[in-house]
$ cat structure-v4.cif   # mmCIF, N, CA and C atoms
data_upload
loop_
_atom_site.label_atom_id
_atom_site.label_comp_id
_atom_site.auth_asym_id
_atom_site.auth_seq_id
_atom_site.Cartn_x
_atom_site.Cartn_y
_atom_site.Cartn_z
N MET O 268 0.81 -1.19 0.00
CA MET O 268 0.00 0.00 0.00
C MET O 268 0.85 1.26 0.00
N ALA O 269 1.92 1.28 0.79
CA ALA O 269 2.75 2.48 0.86
C ALA O 269 3.40 2.82 -0.47
N PRO O 270 3.95 1.84 -1.23
CA PRO O 270 4.53 2.21 -2.52
C PRO O 270 3.51 2.86 -3.44
N SER O 271 2.28 2.41 -3.38
CA SER O 271 1.25 2.99 -4.22
C SER O 271 1.01 4.46 -3.86
N ARG O 272 0.95 4.78 -2.56
CA ARG O 272 0.77 6.17 -2.13
C ARG O 272 1.95 7.02 -2.56
N ARG O 273 3.17 6.50 -2.43
CA ARG O 273 4.35 7.25 -2.83
C ARG O 273 4.33 7.48 -4.34
N SER O 274 3.99 6.44 -5.08
CA SER O 274 3.93 6.59 -6.53
C SER O 274 2.87 7.59 -6.93
N THR O 275 1.74 7.58 -6.23
CA THR O 275 0.67 8.53 -6.51
C THR O 275 1.14 9.95 -6.24
N ALA O 276 1.83 10.16 -5.14
CA ALA O 276 2.33 11.49 -4.82
C ALA O 276 3.33 11.96 -5.87
N PHE O 277 4.21 11.07 -6.28
CA PHE O 277 5.21 11.42 -7.27
C PHE O 277 4.55 11.68 -8.62
N ALA O 278 3.53 10.88 -8.94
CA ALA O 278 2.81 11.08 -10.19
C ALA O 278 2.12 12.44 -10.20
N GLY O 279 1.57 12.83 -9.06
CA GLY O 279 0.94 14.14 -8.95
C GLY O 279 1.94 15.25 -9.18
N LEU O 280 3.15 15.07 -8.67
CA LEU O 280 4.19 16.06 -8.90
C LEU O 280 4.51 16.18 -10.38
N ALA O 281 4.60 15.05 -11.06
CA ALA O 281 4.90 15.08 -12.50
C ALA O 281 3.76 15.74 -13.27
N LEU O 282 2.53 15.42 -12.90
CA LEU O 282 1.40 16.05 -13.58
C LEU O 282 1.37 17.55 -13.33
N ALA O 283 1.69 17.96 -12.12
CA ALA O 283 1.73 19.39 -11.84
C ALA O 283 2.83 20.06 -12.65
N ALA O 284 3.95 19.40 -12.80
CA ALA O 284 5.02 19.96 -13.62
C ALA O 284 4.58 20.09 -15.07
N LEU O 285 3.84 19.11 -15.55
CA LEU O 285 3.34 19.16 -16.92
C LEU O 285 2.40 20.35 -17.12
N ALA O 286 1.67 20.72 -16.08
CA ALA O 286 0.75 21.85 -16.21
C ALA O 286 1.49 23.12 -16.60
N LEU O 287 2.73 23.22 -16.20
CA LEU O 287 3.51 24.41 -16.53
C LEU O 287 3.82 24.51 -18.01
N THR O 288 3.84 23.38 -18.69
CA THR O 288 4.19 23.43 -20.11
C THR O 288 3.09 24.05 -20.95
N GLY O 289 1.90 24.21 -20.38
CA GLY O 289 0.80 24.80 -21.13
C GLY O 289 0.59 26.27 -20.84
N CYS O 290 1.48 26.92 -20.15
CA CYS O 290 1.32 28.33 -19.82
C CYS O 290 1.29 29.17 -21.09
N SER O 291 0.15 29.81 -21.35
CA SER O 291 0.09 30.63 -22.55
C SER O 291 -0.92 31.75 -22.45
N MET O 292 -1.46 32.00 -21.29
CA MET O 292 -2.50 33.02 -21.16
C MET O 292 -1.88 34.38 -20.88
N GLY O 293 -2.34 35.39 -21.58
CA GLY O 293 -1.87 36.75 -21.37
C GLY O 293 -2.53 37.37 -20.15
N SER O 294 -2.08 38.57 -19.77
CA SER O 294 -2.62 39.23 -18.61
C SER O 294 -2.38 40.73 -18.72
N THR O 295 -3.02 41.44 -17.83
CA THR O 295 -2.79 42.88 -17.77
C THR O 295 -1.89 43.20 -16.58
N ALA O 296 -0.93 42.33 -16.32
CA ALA O 296 -0.02 42.51 -15.20
C ALA O 296 0.72 43.84 -15.31
N ALA O 297 0.99 44.43 -14.15
CA ALA O 297 1.60 45.75 -14.12
C ALA O 297 3.10 45.73 -14.41
N SER O 298 3.76 44.59 -14.24
CA SER O 298 5.20 44.54 -14.48
C SER O 298 5.49 44.55 -15.98
N ALA O 299 6.74 44.74 -16.32
CA ALA O 299 7.15 44.76 -17.73
C ALA O 299 6.97 43.38 -18.36
N GLN O 300 7.08 42.34 -17.57
CA GLN O 300 6.93 40.98 -18.08
C GLN O 300 5.46 40.59 -17.95
N THR O 301 4.86 40.20 -19.06
CA THR O 301 3.46 39.78 -19.02
C THR O 301 3.35 38.43 -18.33
N THR O 302 2.13 38.09 -17.95
CA THR O 302 1.90 36.77 -17.37
C THR O 302 2.28 35.69 -18.36
N GLU O 303 1.94 35.88 -19.62
CA GLU O 303 2.28 34.89 -20.65
C GLU O 303 3.79 34.70 -20.73
N GLN O 304 4.54 35.80 -20.72
CA GLN O 304 6.01 35.70 -20.78
C GLN O 304 6.56 34.99 -19.55
N ALA O 305 6.03 35.34 -18.39
CA ALA O 305 6.49 34.70 -17.15
C ALA O 305 6.17 33.21 -17.16
N CYS O 306 4.99 32.86 -17.65
CA CYS O 306 4.62 31.44 -17.75
C CYS O 306 5.57 30.70 -18.68
N ASP O 307 5.90 31.32 -19.79
CA ASP O 307 6.83 30.70 -20.73
C ASP O 307 8.19 30.47 -20.09
N VAL O 308 8.66 31.43 -19.30
CA VAL O 308 9.95 31.28 -18.62
C VAL O 308 9.90 30.10 -17.66
N LEU O 309 8.84 29.99 -16.88
CA LEU O 309 8.74 28.89 -15.92
C LEU O 309 8.60 27.55 -16.62
N ALA O 310 7.83 27.52 -17.69
CA ALA O 310 7.62 26.26 -18.41
C ALA O 310 8.93 25.73 -18.98
N SER O 311 9.78 26.62 -19.45
CA SER O 311 11.04 26.17 -20.05
C SER O 311 11.92 25.47 -19.03
N GLY O 312 11.78 25.80 -17.76
CA GLY O 312 12.62 25.20 -16.72
C GLY O 312 12.24 23.78 -16.36
N VAL O 313 10.99 23.41 -16.59
CA VAL O 313 10.58 22.07 -16.21
C VAL O 313 10.33 21.15 -17.39
N THR O 314 10.16 21.69 -18.56
CA THR O 314 9.85 20.86 -19.73
C THR O 314 10.91 19.79 -19.95
N ALA O 315 12.15 20.16 -19.89
CA ALA O 315 13.24 19.22 -20.17
C ALA O 315 13.33 18.10 -19.14
N THR O 316 12.92 18.36 -17.91
CA THR O 316 13.05 17.33 -16.88
C THR O 316 11.77 16.53 -16.66
N THR O 317 10.66 16.96 -17.24
CA THR O 317 9.39 16.27 -17.02
C THR O 317 9.45 14.82 -17.48
N THR O 318 10.03 14.56 -18.63
CA THR O 318 10.12 13.20 -19.14
C THR O 318 10.93 12.33 -18.19
N LYS O 319 12.05 12.86 -17.73
CA LYS O 319 12.89 12.09 -16.81
C LYS O 319 12.16 11.85 -15.49
N LEU O 320 11.44 12.85 -15.03
CA LEU O 320 10.69 12.73 -13.78
C LEU O 320 9.62 11.65 -13.91
N GLN O 321 8.89 11.67 -15.01
CA GLN O 321 7.86 10.65 -15.23
C GLN O 321 8.47 9.26 -15.31
N ALA O 322 9.60 9.15 -15.97
CA ALA O 322 10.26 7.85 -16.10
C ALA O 322 10.70 7.32 -14.74
N SER O 323 11.02 8.20 -13.83
CA SER O 323 11.49 7.76 -12.52
C SER O 323 10.35 7.32 -11.61
N LEU O 324 9.10 7.59 -11.98
CA LEU O 324 7.97 7.19 -11.15
C LEU O 324 7.98 5.70 -10.85
N SER O 325 8.26 4.93 -11.85
CA SER O 325 8.25 3.48 -11.66
C SER O 325 9.41 3.01 -10.79
N SER O 326 10.42 3.84 -10.63
CA SER O 326 11.58 3.42 -9.85
C SER O 326 11.57 3.96 -8.41
N LEU O 327 10.54 4.69 -8.03
CA LEU O 327 10.53 5.27 -6.69
C LEU O 327 10.67 4.19 -5.62
N ALA O 328 9.92 3.12 -5.74
CA ALA O 328 9.98 2.07 -4.72
C ALA O 328 11.23 1.22 -4.86
N THR O 329 11.72 1.01 -6.08
CA THR O 329 12.86 0.13 -6.28
C THR O 329 14.20 0.85 -6.38
N ASP O 330 14.18 2.12 -6.78
CA ASP O 330 15.42 2.90 -6.93
C ASP O 330 15.18 4.34 -6.47
N PRO O 331 14.96 4.52 -5.18
CA PRO O 331 14.63 5.86 -4.68
C PRO O 331 15.75 6.87 -4.88
N GLU O 332 17.00 6.41 -4.98
CA GLU O 332 18.11 7.34 -5.20
C GLU O 332 17.97 8.03 -6.56
N THR O 333 17.59 7.27 -7.58
CA THR O 333 17.39 7.85 -8.91
C THR O 333 16.23 8.84 -8.88
N ALA O 334 15.15 8.46 -8.24
CA ALA O 334 14.00 9.36 -8.13
C ALA O 334 14.40 10.64 -7.41
N ALA O 335 15.18 10.51 -6.34
CA ALA O 335 15.63 11.68 -5.59
C ALA O 335 16.52 12.57 -6.45
N ASP O 336 17.41 11.95 -7.22
CA ASP O 336 18.28 12.73 -8.11
C ASP O 336 17.46 13.47 -9.16
N ASP O 337 16.41 12.81 -9.66
CA ASP O 337 15.54 13.47 -10.64
C ASP O 337 14.85 14.69 -10.05
N VAL O 338 14.42 14.58 -8.80
CA VAL O 338 13.78 15.73 -8.14
C VAL O 338 14.80 16.84 -7.93
N THR O 339 16.02 16.50 -7.60
CA THR O 339 17.07 17.51 -7.46
C THR O 339 17.26 18.26 -8.77
N THR O 340 17.28 17.53 -9.87
CA THR O 340 17.42 18.15 -11.20
C THR O 340 16.25 19.07 -11.49
N LEU O 341 15.04 18.59 -11.24
CA LEU O 341 13.85 19.41 -11.47
C LEU O 341 13.89 20.67 -10.61
N THR O 342 14.26 20.52 -9.36
CA THR O 342 14.32 21.67 -8.46
C THR O 342 15.33 22.69 -8.95
N SER O 343 16.50 22.23 -9.35
CA SER O 343 17.54 23.12 -9.85
C SER O 343 17.09 23.84 -11.12
N ASP O 344 16.50 23.08 -12.05
CA ASP O 344 16.02 23.69 -13.29
C ASP O 344 14.93 24.72 -13.02
N PHE O 345 14.03 24.38 -12.11
CA PHE O 345 12.94 25.30 -11.80
C PHE O 345 13.48 26.58 -11.15
N GLU O 346 14.44 26.43 -10.23
CA GLU O 346 15.05 27.60 -9.59
C GLU O 346 15.69 28.52 -10.61
N LYS O 347 16.38 27.93 -11.59
CA LYS O 347 17.01 28.74 -12.64
C LYS O 347 15.96 29.48 -13.45
N SER O 348 14.88 28.81 -13.79
CA SER O 348 13.81 29.46 -14.55
C SER O 348 13.12 30.54 -13.73
N ALA O 349 12.86 30.24 -12.47
CA ALA O 349 12.18 31.20 -11.60
C ALA O 349 12.97 32.48 -11.46
N ALA O 350 14.29 32.39 -11.55
CA ALA O 350 15.13 33.57 -11.45
C ALA O 350 14.88 34.53 -12.61
N GLY O 351 14.35 34.03 -13.72
CA GLY O 351 14.08 34.87 -14.88
C GLY O 351 12.70 35.50 -14.88
N VAL O 352 11.95 35.33 -13.80
CA VAL O 352 10.59 35.87 -13.72
C VAL O 352 10.62 37.20 -12.97
N ASP O 353 10.07 38.26 -13.62
CA ASP O 353 9.95 39.53 -12.91
C ASP O 353 8.49 39.99 -12.81
N ASN O 354 7.58 39.22 -13.35
CA ASN O 354 6.15 39.48 -13.18
C ASN O 354 5.82 39.24 -11.71
N ALA O 355 5.25 40.26 -11.05
CA ALA O 355 5.06 40.21 -9.60
C ALA O 355 4.26 39.00 -9.14
N GLU O 356 3.15 38.73 -9.81
CA GLU O 356 2.30 37.61 -9.39
C GLU O 356 3.00 36.27 -9.56
N LEU O 357 3.61 36.08 -10.74
CA LEU O 357 4.29 34.81 -10.99
C LEU O 357 5.57 34.68 -10.19
N LYS O 358 6.22 35.78 -9.88
CA LYS O 358 7.43 35.73 -9.07
C LYS O 358 7.10 35.18 -7.68
N ARG O 359 5.99 35.64 -7.11
CA ARG O 359 5.56 35.15 -5.79
C ARG O 359 5.21 33.66 -5.87
N LEU O 360 4.47 33.28 -6.90
CA LEU O 360 4.10 31.88 -7.06
C LEU O 360 5.32 31.00 -7.31
N ALA O 361 6.27 31.51 -8.09
CA ALA O 361 7.50 30.76 -8.37
C ALA O 361 8.33 30.58 -7.10
N LYS O 362 8.34 31.61 -6.27
CA LYS O 362 9.07 31.52 -5.00
C LYS O 362 8.45 30.44 -4.12
N ASP O 363 7.12 30.42 -4.06
CA ASP O 363 6.42 29.39 -3.27
C ASP O 363 6.71 27.99 -3.82
N ALA O 364 6.69 27.86 -5.14
CA ALA O 364 6.94 26.56 -5.76
C ALA O 364 8.39 26.12 -5.54
N THR O 365 9.31 27.06 -5.63
CA THR O 365 10.72 26.74 -5.39
C THR O 365 10.91 26.23 -3.96
N ALA O 366 10.28 26.89 -3.00
CA ALA O 366 10.37 26.46 -1.61
C ALA O 366 9.76 25.07 -1.44
N ALA O 367 8.63 24.82 -2.07
CA ALA O 367 7.98 23.51 -1.97
C ALA O 367 8.83 22.42 -2.61
N LEU O 368 9.40 22.72 -3.78
CA LEU O 368 10.26 21.75 -4.44
C LEU O 368 11.51 21.46 -3.62
N SER O 369 12.09 22.49 -3.03
CA SER O 369 13.28 22.30 -2.19
C SER O 369 12.96 21.41 -0.99
N ASP O 370 11.79 21.64 -0.39
CA ASP O 370 11.38 20.81 0.74
C ASP O 370 11.18 19.37 0.29
N PHE O 371 10.52 19.17 -0.85
CA PHE O 371 10.31 17.82 -1.36
C PHE O 371 11.64 17.15 -1.70
N ASP O 372 12.55 17.90 -2.26
CA ASP O 372 13.87 17.37 -2.58
C ASP O 372 14.54 16.84 -1.31
N GLU O 373 14.45 17.61 -0.25
CA GLU O 373 15.02 17.19 1.03
C GLU O 373 14.34 15.91 1.53
N LYS O 374 13.01 15.88 1.44
CA LYS O 374 12.25 14.73 1.95
C LYS O 374 12.50 13.47 1.13
N ILE O 375 12.59 13.60 -0.18
CA ILE O 375 12.79 12.41 -0.99
C ILE O 375 14.21 11.86 -0.82
N HIS O 376 15.16 12.73 -0.54
CA HIS O 376 16.52 12.24 -0.25
C HIS O 376 16.55 11.52 1.10
N ALA O 377 15.78 12.01 2.06
CA ALA O 377 15.67 11.30 3.34
C ALA O 377 15.03 9.94 3.13
N TYR O 378 14.02 9.89 2.27
CA TYR O 378 13.39 8.61 1.95
C TYR O 378 14.39 7.67 1.27
N ALA O 379 15.17 8.19 0.35
CA ALA O 379 16.15 7.35 -0.34
C ALA O 379 17.15 6.75 0.64
N ALA O 380 17.47 7.49 1.69
CA ALA O 380 18.41 7.01 2.69
C ALA O 380 17.78 5.96 3.61
N ASP O 381 16.46 6.04 3.81
CA ASP O 381 15.78 5.12 4.72
C ASP O 381 14.34 4.91 4.27
N PRO O 382 14.14 4.14 3.19
CA PRO O 382 12.80 3.97 2.63
C PRO O 382 11.81 3.24 3.53
N ALA O 383 12.28 2.56 4.55
CA ALA O 383 11.38 1.83 5.43
C ALA O 383 10.79 2.70 6.54
N ASP O 384 11.34 3.88 6.76
CA ASP O 384 10.89 4.76 7.84
C ASP O 384 9.51 5.35 7.52
N LEU O 385 8.51 4.98 8.28
CA LEU O 385 7.14 5.43 8.03
C LEU O 385 6.97 6.93 8.24
N GLU O 386 7.70 7.50 9.17
CA GLU O 386 7.62 8.94 9.39
C GLU O 386 8.18 9.71 8.18
N ILE O 387 9.26 9.22 7.64
CA ILE O 387 9.83 9.84 6.45
C ILE O 387 8.87 9.71 5.28
N GLN O 388 8.24 8.55 5.13
CA GLN O 388 7.26 8.36 4.07
C GLN O 388 6.11 9.36 4.19
N ALA O 389 5.62 9.54 5.42
CA ALA O 389 4.51 10.49 5.65
C ALA O 389 4.96 11.91 5.35
N ALA O 390 6.16 12.27 5.76
CA ALA O 390 6.68 13.62 5.50
C ALA O 390 6.85 13.85 4.01
N MET O 391 7.30 12.82 3.29
CA MET O 391 7.46 12.94 1.85
C MET O 391 6.10 13.13 1.18
N GLN O 392 5.10 12.39 1.64
CA GLN O 392 3.75 12.51 1.08
C GLN O 392 3.21 13.93 1.31
N THR O 393 3.36 14.44 2.51
CA THR O 393 2.90 15.79 2.82
C THR O 393 3.63 16.83 1.98
N SER O 394 4.92 16.65 1.82
CA SER O 394 5.72 17.57 1.02
C SER O 394 5.31 17.51 -0.45
N ALA O 395 5.04 16.32 -0.96
CA ALA O 395 4.60 16.17 -2.35
C ALA O 395 3.27 16.91 -2.57
N GLU O 396 2.40 16.84 -1.58
CA GLU O 396 1.13 17.56 -1.68
C GLU O 396 1.38 19.07 -1.72
N GLY O 397 2.37 19.54 -0.96
CA GLY O 397 2.74 20.96 -0.99
C GLY O 397 3.23 21.38 -2.36
N VAL O 398 4.01 20.51 -3.01
CA VAL O 398 4.49 20.80 -4.36
C VAL O 398 3.30 20.86 -5.32
N GLN O 399 2.40 19.90 -5.20
CA GLN O 399 1.22 19.88 -6.06
C GLN O 399 0.43 21.18 -5.92
N ASP O 400 0.25 21.63 -4.69
CA ASP O 400 -0.49 22.87 -4.45
C ASP O 400 0.23 24.07 -5.06
N ALA O 401 1.54 24.15 -4.84
CA ALA O 401 2.32 25.29 -5.34
C ALA O 401 2.37 25.33 -6.86
N ILE O 402 2.63 24.18 -7.47
CA ILE O 402 2.67 24.10 -8.92
C ILE O 402 1.26 24.30 -9.49
N GLY O 403 0.28 23.78 -8.78
CA GLY O 403 -1.12 23.96 -9.20
C GLY O 403 -1.51 25.43 -9.23
N ALA O 404 -1.01 26.21 -8.28
CA ALA O 404 -1.30 27.65 -8.26
C ALA O 404 -0.72 28.32 -9.49
N ILE O 405 0.45 27.89 -9.92
CA ILE O 405 1.04 28.42 -11.16
C ILE O 405 0.20 27.97 -12.35
N GLY O 406 -0.20 26.71 -12.34
CA GLY O 406 -1.02 26.18 -13.41
C GLY O 406 -2.35 26.90 -13.55
N THR O 407 -2.89 27.36 -12.44
CA THR O 407 -4.15 28.13 -12.48
C THR O 407 -3.92 29.48 -13.15
N THR O 408 -2.77 30.07 -12.88
CA THR O 408 -2.44 31.37 -13.47
C THR O 408 -1.96 31.20 -14.91
N CYS O 409 -1.39 30.06 -15.21
CA CYS O 409 -0.85 29.77 -16.56
C CYS O 409 -1.60 28.58 -17.15
N PRO O 410 -2.88 28.76 -17.46
CA PRO O 410 -3.64 27.61 -17.99
C PRO O 410 -3.17 27.22 -19.39
#
$ encode --input "structure-v4.cif" --output "structure tokens"
Amino acid sequence: MAPSRRSTAFAGLALAALALTGCSMGSTAASAQTTEQACDVLASGVTATTTKLQASLSSLATDPETAADDVTTLTSDFEKSAAGVDNAELKRLAKDATAALSDFDEKIHAYAADPADLEIQAAMQTSAEGVQDAIGAIGTTCP
């Protein structure tokens, strides 16, 4: 049962990352960077790692180190993209998502070190939900 919950959480993270690839809605944002431009910047940071992240879903239970490394890559790529956002609304959302991804990165590495620890599994699940929420907020702004 636990591997299924972990896989579901990780799958949700991948789906949330995919939502960023569809960012294309314009806005009347007050900053020089439009919402559409900011969405495009964020999408470029996760598009390249989404395939690898999805591929690692099946290995979470059997190869958690690889899954953890994939999350580290996604987090790093997202942080780099988020640095290119100056649209006020998306900058705030990107900051929240970066913090959530960093927390999940920490939790999944703890899981990789001790996959049998139920407390670590629960913390990873909670953190994955935080990533889903944060990425989902960007997806709402960048439909």
$ closest_residue --input "structure-v4.cif" --among "O:Ala389, O:Leu327, O:Leu341, O:Ile402" --to "Asp363 of chain O" --atoms "only N, CA and C atoms"
O:Ile402
$ residues_around --input "structure-v4.cif" --residues "segment 364-366 of chain O" --least-positions-apart "5" --cutoff "8 Å" --atoms "all atoms listed in the file" --output "list in words"
Thr342, Phe345, Glu346, Ala349, Lys358, Arg359, Phe371, Asp372, Gly397, Val398, Asp400, Ala401, Ile402, Gly403 and Ile405 of chain O
$ atom_distance --input "structure-v4.cif" --atom1 "atom CA of Ala377 of chain O" --atom2 "atom CA of Thr393 of chain O"
13.5 Å
$ atom_distance --input "structure-v4.cif" --atom1 "atom CA of Glu396 of chain O" --atom2 "atom N of Thr340 of chain O"
18.1 Å
$ atom_distance --input "structure-v4.cif" --atom1 "atom CA of Cys409 of chain O" --atom2 "atom CA of Val308 of chain O"
11.1 Å
$ closest_residue --input "structure-v4.cif" --among "O:Lys374, O:Ile387, O:Asp381, O:Ser394" --to "Asp336 of chain O" --atoms "only C-alpha atoms"
O:Lys374
$ closest_residue --input "structure-v4.cif" --among "O:Ala350, O:Ala390, O:Leu385, O:Ala379" --to "Ser326 of chain O" --atoms "only C-alpha atoms"
O:Ala379
$ closest_residue --input "structure-v4.cif" --among "O:Ala335, O:Ala367, O:Ala355, O:Cys306" --to "Pro410 of chain O" --atoms "all atoms listed in the file"
O:Cys306
